[in-house]
Each structure stands twice: as C-alpha cells, then as structure tokens.
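Everything below belongs to upload11.cif, which stores mmCIF, C-alpha atoms.
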```
data_entry
loop_
_atom_site.label_atom_id
_atom_site.label_comp_id
_atom_site.auth_asym_id
_atom_site.auth_seq_id
_atom_site.Cartn_x
_atom_site.Cartn_y
_atom_site.Cartn_z
CA MET S 1194 -2.20 4.56 12.35
CA PRO S 1195 -4.53 6.03 15.02
CA THR S 1196 -4.10 3.17 17.47
CA VAL S 1197 -3.38 5.01 20.69
CA ARG S 1198 -6.17 7.56 20.79
CA ARG S 1199 -7.98 6.39 23.90
CA LYS S 1200 -4.93 6.10 26.10
CA LEU S 1201 -3.33 9.27 24.82
CA GLU S 1202 -6.47 11.25 25.55
CA GLU S 1203 -6.27 10.02 29.13
CA SER S 1204 -2.66 11.11 29.42
CA SER S 1205 -1.98 14.19 31.50
CA SER S 1206 0.99 15.05 29.26
CA GLU S 1207 -0.99 15.06 26.01
CA ASP S 1208 -0.03 18.59 24.99
CA GLU S 1209 3.62 17.85 25.50
CA GLU S 1210 3.42 14.64 23.45
CA LYS S 1211 1.63 16.43 20.61
CA HIS S 1212 4.73 18.47 19.97
CA ASP S 1213 7.61 16.39 21.25
CA HIS S 1214 7.25 12.74 20.28
CA LEU S 1215 8.82 11.70 16.98
CA CYS S 1216 6.31 8.89 16.43
CA ILE S 1217 3.04 10.77 16.96
CA ALA S 1218 1.36 13.19 14.58
CA TRP S 1219 -1.88 14.81 15.72
CA THR S 1220 -4.53 15.17 13.01
CA GLY S 1221 -8.14 16.24 12.61
CA ILE S 1222 -9.75 19.64 12.90
CA SER S 1223 -8.95 19.91 16.60
CA ARG S 1224 -5.74 17.90 16.34
CA LYS S 1225 -7.08 15.26 18.71
CA ILE S 1226 -6.57 12.17 16.54
CA PRO S 1227 -3.11 10.63 17.04
CA VAL S 1228 -1.45 8.89 14.10
CA LEU S 1229 1.51 6.65 14.78
CA ILE S 1230 4.44 7.18 12.42
CA PHE S 1231 6.84 4.29 11.88
CA HIS S 1232 10.55 4.87 11.35
CA ALA S 1233 12.17 1.97 9.49
CA GLU S 1234 15.70 3.05 10.45
CA THR S 1235 14.87 2.21 14.05
CA ILE S 1236 15.54 -1.44 13.20
CA ILE S 1237 19.21 -0.45 13.00
CA THR S 1238 19.43 2.49 15.38
CA LYS S 1239 17.33 0.80 18.08
CA ASP S 1240 16.24 4.20 19.37
CA ALA S 1241 14.94 3.73 22.91
CA ALA S 1242 12.65 6.78 22.69
CA ILE S 1243 10.87 5.28 19.68
CA ARG S 1244 10.67 1.83 21.24
CA ASN S 1245 9.15 3.38 24.33
CA ILE S 1246 5.99 4.49 22.48
CA GLY S 1247 4.76 0.93 21.99
CA GLU S 1248 5.86 -0.23 25.41
CA HIS S 1249 4.30 2.73 27.20
CA TYR S 1250 0.86 2.24 25.60
CA HIS S 1251 1.05 -1.58 25.54
CA LEU S 1252 0.55 -1.74 21.78
CA ALA S 1253 0.25 -5.19 20.20
CA TYR S 1254 0.32 -6.77 16.76
CA LYS S 1255 -0.34 -10.18 15.28
CA ILE S 1256 0.72 -11.82 12.03
CA VAL S 1257 -1.87 -14.11 10.44
CA ARG S 1258 -1.45 -16.60 7.59
CA THR S 1259 1.79 -15.10 6.35
CA GLU S 1260 5.34 -14.48 7.44
CA SER S 1261 7.15 -11.15 7.32
CA ARG S 1262 10.41 -10.72 9.16
CA LEU S 1263 10.55 -7.07 8.11
CA VAL S 1264 7.14 -6.24 9.59
CA ARG S 1265 8.00 -8.11 12.78
CA SER S 1266 11.33 -6.27 13.07
CA ILE S 1267 9.72 -2.85 12.58
CA MET S 1268 6.94 -3.55 15.07
CA ASN S 1269 9.36 -4.85 17.70
CA ALA S 1270 11.63 -1.84 17.17
CA HIS S 1271 8.66 0.41 18.00
CA GLY S 1272 7.88 -1.42 21.22
CA PHE S 1273 4.91 -3.46 19.99
CA HIS S 1274 4.58 -6.96 21.40
CA GLU S 1275 3.36 -9.88 19.32
CA VAL S 1276 0.22 -11.79 20.31
CA HIS S 1277 -1.20 -15.10 19.12
CA PRO S 1278 -2.95 -15.04 15.70
CA ASN S 1279 -6.23 -15.97 17.43
CA SER S 1280 -6.00 -13.16 19.96
CA ASN S 1281 -8.44 -10.25 19.78
CA ASP S 1282 -6.20 -8.02 21.89
CA PHE S 1283 -4.25 -6.26 19.16
CA ASN S 1284 -3.76 -2.86 17.54
CA LEU S 1285 -2.45 -4.07 14.18
CA MET S 1286 -3.17 -7.28 12.28
CA TRP S 1287 -0.81 -8.10 9.43
CA THR S 1288 -2.39 -10.82 7.31
CA GLY S 1289 -1.68 -12.63 4.08
CA CYS S 1290 -5.38 -12.92 3.21
CA HIS S 1291 -8.33 -10.58 2.96
CA PRO S 1292 -10.47 -10.60 6.12
CA LYS S 1293 -14.16 -11.30 5.63
CA PRO S 1294 -16.55 -8.33 6.03
CA PHE S 1295 -18.04 -9.77 9.23
CA ALA S 1296 -14.55 -9.92 10.74
CA LEU S 1297 -13.83 -6.31 9.80
CA ARG S 1298 -17.11 -5.17 11.33
CA SER S 1299 -16.05 -6.70 14.64
CA PHE S 1300 -12.88 -4.57 14.82
CA SER S 1301 -12.66 -1.74 17.31
CA GLU S 1302 -11.83 1.78 16.16
CA PHE S 1303 -8.21 1.44 17.19
CA GLN S 1304 -7.63 -1.90 15.41
CA LYS S 1305 -6.09 -1.75 11.95
CA VAL S 1306 -5.40 -4.32 9.25
CA ASN S 1307 -3.20 -4.25 6.14
CA HIS S 1308 -6.03 -5.27 3.78
CA PHE S 1309 -9.41 -3.72 3.13
CA PRO S 1310 -12.35 -4.88 0.97
CA ARG S 1311 -11.77 -4.71 -2.80
CA SER S 1312 -8.23 -3.42 -2.38
CA TYR S 1313 -7.41 -5.35 -5.56
CA GLU S 1314 -9.10 -2.50 -7.44
CA LEU S 1315 -5.89 -0.59 -6.70
CA THR S 1316 -3.29 -3.34 -6.32
CA ARG S 1317 -4.01 -5.36 -9.48
CA LYS S 1318 -2.56 -3.56 -12.48
CA ASP S 1319 -5.42 -4.46 -14.81
CA ARG S 1320 -8.08 -3.25 -12.37
CA LEU S 1321 -6.12 -0.10 -11.56
CA TYR S 1322 -5.87 0.84 -15.24
CA LYS S 1323 -9.56 0.15 -15.85
CA ASN S 1324 -10.40 2.41 -12.91
CA ILE S 1325 -8.14 5.14 -14.29
CA GLN S 1326 -9.98 4.83 -17.62
CA ARG S 1327 -13.30 5.10 -15.82
CA MET S 1328 -12.18 8.28 -14.09
CA GLN S 1329 -10.95 9.71 -17.40
CA GLN S 1330 -14.38 9.12 -18.91
CA SER S 1331 -16.21 10.56 -15.92
CA HIS S 1332 -13.99 13.57 -15.12
CA GLY S 1333 -12.06 14.25 -18.31
CA PHE S 1334 -8.90 12.75 -19.74
CA ARG S 1335 -6.84 15.82 -18.87
CA ASN S 1336 -7.64 15.49 -15.17
CA PHE S 1337 -6.59 11.84 -15.03
CA ASN S 1338 -3.79 11.68 -17.58
CA ILE S 1339 -1.60 9.88 -15.05
CA ALA S 1340 -0.67 6.67 -16.87
CA PRO S 1341 0.89 5.83 -20.25
CA GLN S 1342 -1.15 4.24 -23.03
CA THR S 1343 -1.92 0.72 -21.86
CA PHE S 1344 -3.58 -2.45 -23.11
CA ILE S 1345 -4.72 -5.58 -21.33
CA LEU S 1346 -3.90 -8.71 -23.31
CA PRO S 1347 -5.09 -10.93 -24.80
CA SER S 1348 -8.51 -9.19 -24.89
CA GLU S 1349 -7.09 -5.94 -26.35
CA TYR S 1350 -4.44 -7.50 -28.57
CA GLN S 1351 -5.78 -6.02 -31.81
CA GLU S 1352 -5.94 -2.54 -30.30
CA PHE S 1353 -2.35 -2.96 -29.11
CA CYS S 1354 -1.18 -4.02 -32.57
CA SER S 1355 -2.85 -0.95 -34.05
CA ALA S 1356 -1.03 1.31 -31.59
CA TYR S 1357 2.22 -0.57 -32.18
CA SER S 1358 1.99 0.10 -35.91
CA LYS S 1359 2.15 3.82 -35.11
CA ASP S 1360 4.79 3.57 -32.37
CA LYS S 1361 7.20 0.62 -32.49
CA GLY S 1362 8.11 1.00 -28.89
CA PRO S 1363 9.68 -0.18 -26.79
CA TRP S 1364 6.71 -1.35 -24.72
CA ILE S 1365 6.82 -2.73 -21.22
CA VAL S 1366 5.04 -5.96 -20.25
CA LYS S 1367 3.87 -6.64 -16.68
CA PRO S 1368 1.87 -9.46 -15.05
CA VAL S 1369 -1.43 -8.09 -13.79
CA ALA S 1370 -1.10 -9.52 -10.29
CA SER S 1371 2.59 -9.66 -9.49
CA SER S 1372 4.89 -7.38 -7.50
CA ARG S 1373 8.48 -6.30 -6.86
CA GLY S 1374 9.31 -6.22 -10.57
CA ARG S 1375 8.80 -9.93 -11.09
CA GLY S 1376 7.94 -10.92 -14.66
CA VAL S 1377 8.50 -7.41 -16.08
CA TYR S 1378 10.30 -7.07 -19.41
CA LEU S 1379 10.54 -4.87 -22.51
CA VAL S 1380 9.44 -5.83 -26.01
CA SER S 1381 9.69 -4.19 -29.42
CA ASN S 1382 7.58 -6.73 -31.31
CA PRO S 1383 4.05 -7.98 -30.50
CA ASN S 1384 5.11 -11.48 -31.56
CA HIS S 1385 7.34 -11.62 -28.48
CA ILE S 1386 4.37 -11.36 -26.13
CA PRO S 1387 2.72 -14.60 -24.93
CA LEU S 1388 -1.07 -14.59 -25.06
CA ASP S 1389 -1.76 -17.56 -22.79
CA GLU S 1390 -2.29 -15.41 -19.67
CA SER S 1391 -3.60 -12.00 -18.75
CA ILE S 1392 -0.88 -9.36 -18.94
CA LEU S 1393 -0.63 -5.59 -19.15
CA VAL S 1394 1.35 -3.82 -21.88
CA SER S 1395 2.18 -0.13 -21.56
CA ARG S 1396 4.05 2.38 -23.63
CA TYR S 1397 7.53 2.55 -22.10
CA ILE S 1398 8.43 5.90 -20.53
CA SER S 1399 12.05 6.55 -21.47
CA ASN S 1400 12.41 9.69 -19.32
CA PRO S 1401 10.51 9.03 -16.07
CA LEU S 1402 10.41 11.45 -13.16
CA LEU S 1403 13.41 10.69 -10.97
CA ILE S 1404 14.33 11.55 -7.39
CA ASP S 1405 18.08 11.75 -6.81
CA GLY S 1406 18.54 10.03 -10.15
CA LYS S 1407 16.48 6.97 -9.20
CA THR S 1408 12.91 5.83 -9.74
CA ARG S 1409 10.77 5.60 -6.60
CA THR S 1410 7.79 3.60 -5.48
CA PHE S 1411 5.25 5.32 -3.25
CA SER S 1412 2.96 3.27 -1.01
CA ILE S 1413 -0.29 4.46 0.53
CA SER S 1414 -1.52 2.86 3.73
CA TYR S 1415 -5.05 3.01 5.07
#
```
Just give me the structure as structure tokens.
Amino acid sequence: MPTVRRKLEESSSEDEEKHDHLCIAWTGISRKIPVLIFHAETIITKDAAIRNIGEHYHLAYKIVRTESRLVRSIMNAHGFHEVHPNSNDFNLMWTGCHPKPFALRSFSEFQKVNHFPRSYELTRKDRLYKNIQRMQQSHGFRNFNIAPQTFILPSEYQEFCSAYSKDKGPWIVKPVASSRGRGVYLVSNPNHIPLDESILVSRYISNPLLIDGKTRTFSISY
C-alpha cells in the first residue's frame, strides 16, 4: 500500500531505504512510489525493525463497523496506531461495509480502504463466473479458460441436468456469497441440490494444481 510516499520523499535517506528496508518496495517507472509490504509472521516474531516503519512515519489505521483481531494484530505489529472510527487522520481504513462514492472521493492519495465500488463483481461467485463468461465471449474461450464448467441454480437447472447426463460428477456446490469454505459440499445427483436459494454448481476438479501437496488461496489487494 503506497501510504508513506510523501514522508519518504522528504527523507534524506531515501536511497538507503529503497534497498534496505524489508517492508518497502519501490515501484513505478522511476521507482519513486513506495509500497508497504506486510509480514504476517511479525505478529509472532515481533521484529522491532518492522514495527519501526509504522512508528517512524506515524502511520495510522481505523476499523469501522466490523471487528478483526487479526487485522488489528498485524497493523500493531507493523507500528501502526489505531485511531477512532470517525477520525480522518488515517492511512488505512478496514471496514465491514462498502463506503459510499462521495466518501471515497474525499480520501487523500495515501489513504486506502479494503473495499472498492462494485468489488462484488469479483467476490461473489455468481458474478465472477458471469464476468468470466463475458470475457470468454469477448476475447475467446481459449484465452479465458480459467474455470470449470459451472451453472448458477436455480435459473440454469435444466442446463445443469443436461450436462450431468453426460458427466455424472461429482459436482461441487457453493453458496454464491459465502466464504472460508462454508456451505460447500459435493453431490453426484441433481436431486440432492436444494433449489430454494441461489447457488453455484461446478464440475469438480479431481486433480487440482497443488503447492507442496496442498491447495492454496491467492488474494489480490487494491
């Protein structure tokens, strides 16, 4: 997160920090945009050098309409100090709701938030798959063949049954707006799938790409 740009540019030891500090990566064409890199293990190691980065530049965060002990622990371990939810003096806002556009427009360049407008287009499974389909139609299936065959029920139930008749499965069922594996299960018969709520059904991948023998989840932050 490029939260420290102004103060770093004023620092007389900028060149040294570009190369030496574990928490700062310099980006951009001229490598003048600092990006702060968080190290989760610092919660345990309590590395003073990492904690110093937030303390030195007086970095602040606030948590609004949610509670996250993990986020608070990581921020504190990096030397950030917490401010009141109503304060405007912050670098990072971690919120449980989506800020209104007028609120986002009032942010300074160095202020970041964990939600952005229409992020559900990526975070909701039904919207994500529809967007993948749209890209397949616009740019070719081969270029966006990044997801297994999927159906959104109950609206595509007949299409799913047709595909099931050719491949008995198993198929994996997921709620469209859940997380952390909640409500996910396998089925081998369409009759086992409830149709009273919107769900996503995908062809189960029996041999997924593994890293060190385990599946991985990758998160992208903006």
Calculated over only C-alpha atoms, which of the candidates S:Val1377, S:Ala1242, S:Met1286, S:Val1366 has the smallest distance to Tyr1254 (chain S)? S:Met1286
Each residue of region 1216-1331 of chain S with at least one atom at most 12 Å from region 1392-1410 of chain S should appear once, together with its nearest atom pair and the corresponding distance in Å (one decimal); atoms considered: all atoms listed in the file; ordering: chain, then increasing residue number; output as a Markdown table.
```
| residue | atom | partner | partner_atom | distance |
| --- | --- | --- | --- | --- |
| S:Arg1317 | CA | S:Leu1393 | CA | 10.2 |
| S:Lys1318 | CA | S:Leu1393 | CA | 7.2 |
| S:Asp1319 | CA | S:Leu1393 | CA | 6.6 |
| S:Arg1320 | CA | S:Leu1393 | CA | 10.3 |
| S:Leu1321 | CA | S:Leu1393 | CA | 10.9 |
| S:Tyr1322 | CA | S:Leu1393 | CA | 9.2 |
| S:Lys1323 | CA | S:Leu1393 | CA | 11.1 |
```
Which residue of S:Ile1365, S:Ala1270, S:Leu1285, S:Leu1379 approaches Ile1237 (chain S) most closely, using only C-alpha atoms: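 Closest to Ile1237 (chain S), using only C-alpha atoms: S:Ala1270.
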Please write out, as JSON, where the centre of an axis-aligned box around all listed atoms of region 1373-1389 of chain S lies and how long its edges are, in Å to one decimal, after adding 5 Å on each side.
```
{"center_x": 4.4, "center_y": -10.9, "center_z": -19.2, "size_x": 22.3, "size_y": 23.4, "size_z": 34.7}
```
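For the file at hand, the PyMOL selection byres ((chain S and resi 1347) around 10) resolves to Phe1344, Ile1345, Leu1346, Ser1348, Glu1349, Tyr1350, Gln1351, Phe1353, Ile1386, Pro1387, Leu1388, Asp1389, Glu1390, Ser1391, Ile1392 and Leu1393 of chain S.
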Between CA of Glu1260 (chain S) and CA of Gly1289 (chain S), measure the distance and give it in Å to one decimal. 8.0 Å
Closest of S:Ile1339, S:Leu1215, S:Ala1253, S:Leu1315 to Ile1230 (chain S), counting all atoms listed in the file, is S:Leu1215
Could you write out as a ChimeraX atom specification the residues that the PyMOL selection byres ((chain S and resi 1249) around 12) matches in the shown file? /S:1197,1200-1201,1204,1241-1248,1250-1253,1271-1274
With C-alpha atoms retained, export the selected residues as a short mmCIF file (atom, residue, chain, number, x, y, z; two decimals), in the coordinates of the input.
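Just written: again07.cif:
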```
data_model
loop_
_atom_site.label_atom_id
_atom_site.label_comp_id
_atom_site.auth_asym_id
_atom_site.auth_seq_id
_atom_site.Cartn_x
_atom_site.Cartn_y
_atom_site.Cartn_z
CA VAL S 1197 -3.38 5.01 20.69
CA LYS S 1200 -4.93 6.10 26.10
CA LEU S 1201 -3.33 9.27 24.82
CA SER S 1204 -2.66 11.11 29.42
CA ALA S 1241 14.94 3.73 22.91
CA ALA S 1242 12.65 6.78 22.69
CA ILE S 1243 10.87 5.28 19.68
CA ARG S 1244 10.67 1.83 21.24
CA ASN S 1245 9.15 3.38 24.33
CA ILE S 1246 5.99 4.49 22.48
CA GLY S 1247 4.76 0.93 21.99
CA GLU S 1248 5.86 -0.23 25.41
CA TYR S 1250 0.86 2.24 25.60
CA HIS S 1251 1.05 -1.58 25.54
CA LEU S 1252 0.55 -1.74 21.78
CA ALA S 1253 0.25 -5.19 20.20
CA HIS S 1271 8.66 0.41 18.00
CA GLY S 1272 7.88 -1.42 21.22
CA PHE S 1273 4.91 -3.46 19.99
CA HIS S 1274 4.58 -6.96 21.40
#
```
Correct to one decimal, the distance CA of Gln1342 (chain S)-CA of Trp1364 (chain S) is 9.8 Å
